[in-house]
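**Q** Okay, here's the structure, questions in a sec.
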Amino acid sequence: MEENKIRINRNEDDLYRINIADDGTEIVFDLADIGLGIKCNNAFNEVEDNVKKTNTVIEMINKKYVNQEMNETLKRQKETAILKAWNDMYNKNREIMDKLFGFKGAMQKLFGDANYIEMYNDLFEQLEPHFKKMELNVEKIKERLEKKYGNKNNSVIK
């Protein structure tokens, strides 16, 4: 009995590949995905929101201890609470970026086990020239779609 299958062959020109590790691991952005720009923007906004939320949590932790005489035990509790807030934020942000990059462990490949204050600034700085090359804006996406599926006079996208 013959097996029922469907296979979609993608045009390599629609895929933008970025090598992220010496072992050949890549993140791949599908330039034909009309939602790619939105996905990228949402991921960056979620990361920024998590930083803001974490800063608020840390402010609350600091306020909790402001009027207390800080012995060693209280200092450790405060430091542990702050470090936990940062750690939770970094883990959540790693999940957000893994989802954008298309596979669990992408951030691990890029950063290993280390989380540091400027890591997302470093990441976004490295990604910026790639996003410019990908031309992630509505007009460029429309141009690619019109080139592939229609012409200027009989446009599929109005």
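If you're wondering about the labels, chains in the structure tokens are A, B, ... by order shown, residues count from 1 in each chain, ligands from 1 in order shown.
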Tell me, as a PyMOL selection string, which residues lie within 9 Å of region 90-97 of chain A, counting only C-alpha atoms; anything in the same chain fewer than 4 positions away does not count.

**A** chain A and resi 43-44+46-47+50-51+85-86+101-102+104-108+115-116+120

**Q** As a list in words, please: every residue in chain A that a backbone DSSP assignment puts in strand (DSSP E or B).

**A**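 Those in chain A that DSSP calls strand (DSSP E or B) are Leu15, Tyr16, Arg17, Ile18, Asn19, Glu26, Ile27, Val28, Phe29 and Asp30 of chain A.
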
**Q** Would you kindly return, as a count of residues only, each protein, DNA or RNA residue with an atom no farther than 10 Å from any atom of Asp14 (chain A), considering only C-alpha atoms and excluding same-chain residues fewer than 2 positions away?

**A** 13

**Q** For Ala81 (chain A), which residue out of A:Val57, A:Leu100, A:Val66, A:Ile18 is the nearest one, using only C-alpha atoms?

**A**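 Of A:Val57, A:Leu100, A:Val66, A:Ile18, the one nearest Ala81 (chain A) is A:Val57, counting only C-alpha atoms.
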
**Q** Quick one: residues within 9 Å of Leu110 (chain A), only C-alpha atoms counted, chain neighbours fewer than 6 positions away excluded, as a PyMOL selection string?

**A** chain A and resi 20-21+123

**Q** Take the residues that were just selected and, keeping all heavy atoms, output them as a JSON list (two decimals), in the first residue's frame.

**A**
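Writing the result to part-v4.json gives the following:
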```json
[["chain", "number", "residue", "atom", "x", "y", "z"],
["A", 20, "ILE", "N", 25.31, 30.36, 13.42],
["A", 20, "ILE", "CA", 25.45, 30.84, 14.80],
["A", 20, "ILE", "C", 26.43, 30.03, 15.63],
["A", 20, "ILE", "O", 26.64, 30.33, 16.80],
["A", 20, "ILE", "CB", 24.09, 30.89, 15.53],
["A", 20, "ILE", "CG1", 23.46, 29.51, 15.63],
["A", 20, "ILE", "CG2", 23.16, 31.90, 14.85],
["A", 20, "ILE", "CD1", 22.25, 29.46, 16.57],
["A", 21, "ALA", "N", 27.03, 28.97, 15.04],
["A", 21, "ALA", "CA", 27.97, 28.16, 15.80],
["A", 21, "ALA", "C", 28.97, 27.50, 14.85],
["A", 21, "ALA", "O", 28.67, 27.26, 13.68],
["A", 21, "ALA", "CB", 27.22, 27.10, 16.61],
["A", 123, "LEU", "N", 23.15, 40.87, 21.17],
["A", 123, "LEU", "CA", 22.44, 40.06, 20.19],
["A", 123, "LEU", "C", 21.75, 40.93, 19.14],
["A", 123, "LEU", "O", 21.91, 40.72, 17.94],
["A", 123, "LEU", "CB", 21.42, 39.16, 20.88],
["A", 123, "LEU", "CG", 20.52, 38.32, 19.97],
["A", 123, "LEU", "CD1", 21.33, 37.34, 19.14],
["A", 123, "LEU", "CD2", 19.46, 37.59, 20.79]]
```

**Q** Just list as a VMD selection string whatever in region 1-79 of chain A DSSP marks as helix (DSSP H, G or I).

**A** chain A and resid 12 to 14 36 to 65 72 to 79

**Q** Write the residues you've just listed into a file as a PDB file, in the first residue's frame, and include C-alpha atoms for each of them.

**A**
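Result file is out-v8.pdb:
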```
ATOM      1  CA  GLU A  12      16.218  28.702  -1.186  1.00  0.00           C
ATOM      2  CA  ASP A  13      16.034  32.380  -2.202  1.00  0.00           C
ATOM      3  CA  ASP A  14      13.176  32.773   0.298  1.00  0.00           C
ATOM      4  CA  LEU A  36       8.135  37.572   9.900  1.00  0.00           C
ATOM      5  CA  GLY A  37       8.468  41.291  10.589  1.00  0.00           C
ATOM      6  CA  ILE A  38       5.674  41.119  13.143  1.00  0.00           C
ATOM      7  CA  LYS A  39       7.236  38.055  14.804  1.00  0.00           C
ATOM      8  CA  CYS A  40      10.588  39.839  15.090  1.00  0.00           C
ATOM      9  CA  ASN A  41       9.032  43.015  16.433  1.00  0.00           C
ATOM     10  CA  ASN A  42       6.929  41.076  18.944  1.00  0.00           C
ATOM     11  CA  ALA A  43       9.957  39.141  20.187  1.00  0.00           C
ATOM     12  CA  PHE A  44      12.003  42.314  20.680  1.00  0.00           C
ATOM     13  CA  ASN A  45       9.086  44.003  22.470  1.00  0.00           C
ATOM     14  CA  GLU A  46       8.561  40.980  24.734  1.00  0.00           C
ATOM     15  CA  VAL A  47      12.242  40.997  25.695  1.00  0.00           C
ATOM     16  CA  GLU A  48      12.088  44.729  26.489  1.00  0.00           C
ATOM     17  CA  ASP A  49       8.866  44.263  28.475  1.00  0.00           C
ATOM     18  CA  ASN A  50      10.464  41.490  30.514  1.00  0.00           C
ATOM     19  CA  VAL A  51      13.389  43.769  31.365  1.00  0.00           C
ATOM     20  CA  LYS A  52      10.965  46.492  32.511  1.00  0.00           C
ATOM     21  CA  LYS A  53       8.935  44.011  34.582  1.00  0.00           C
ATOM     22  CA  THR A  54      12.102  42.669  36.176  1.00  0.00           C
ATOM     23  CA  ASN A  55      13.272  46.169  37.042  1.00  0.00           C
ATOM     24  CA  THR A  56       9.908  46.752  38.734  1.00  0.00           C
ATOM     25  CA  VAL A  57      10.257  43.495  40.693  1.00  0.00           C
ATOM     26  CA  ILE A  58      13.761  44.517  41.785  1.00  0.00           C
ATOM     27  CA  GLU A  59      12.491  47.927  42.898  1.00  0.00           C
ATOM     28  CA  MET A  60       9.849  46.159  45.008  1.00  0.00           C
ATOM     29  CA  ILE A  61      12.497  43.880  46.511  1.00  0.00           C
ATOM     30  CA  ASN A  62      14.661  46.891  47.372  1.00  0.00           C
ATOM     31  CA  LYS A  63      11.686  48.668  48.965  1.00  0.00           C
ATOM     32  CA  LYS A  64      10.892  45.588  51.036  1.00  0.00           C
ATOM     33  CA  TYR A  65      14.298  45.820  52.703  1.00  0.00           C
ATOM     34  CA  GLU A  72      24.016  39.081  56.745  1.00  0.00           C
ATOM     35  CA  THR A  73      20.950  36.856  56.508  1.00  0.00           C
ATOM     36  CA  LEU A  74      18.735  39.667  55.180  1.00  0.00           C
ATOM     37  CA  LYS A  75      21.458  40.783  52.742  1.00  0.00           C
ATOM     38  CA  ARG A  76      21.672  37.252  51.347  1.00  0.00           C
ATOM     39  CA  GLN A  77      17.869  36.993  51.098  1.00  0.00           C
ATOM     40  CA  LYS A  78      17.714  40.286  49.218  1.00  0.00           C
ATOM     41  CA  GLU A  79      20.574  39.360  46.886  1.00  0.00           C
TER      42      GLU A  79
END
```

**Q** Nearest to Asn19 (chain A): which of A:Ile117, A:Gln68, A:Glu125, A:Lys109 is it, counting only C-alpha atoms?

**A** A:Lys109
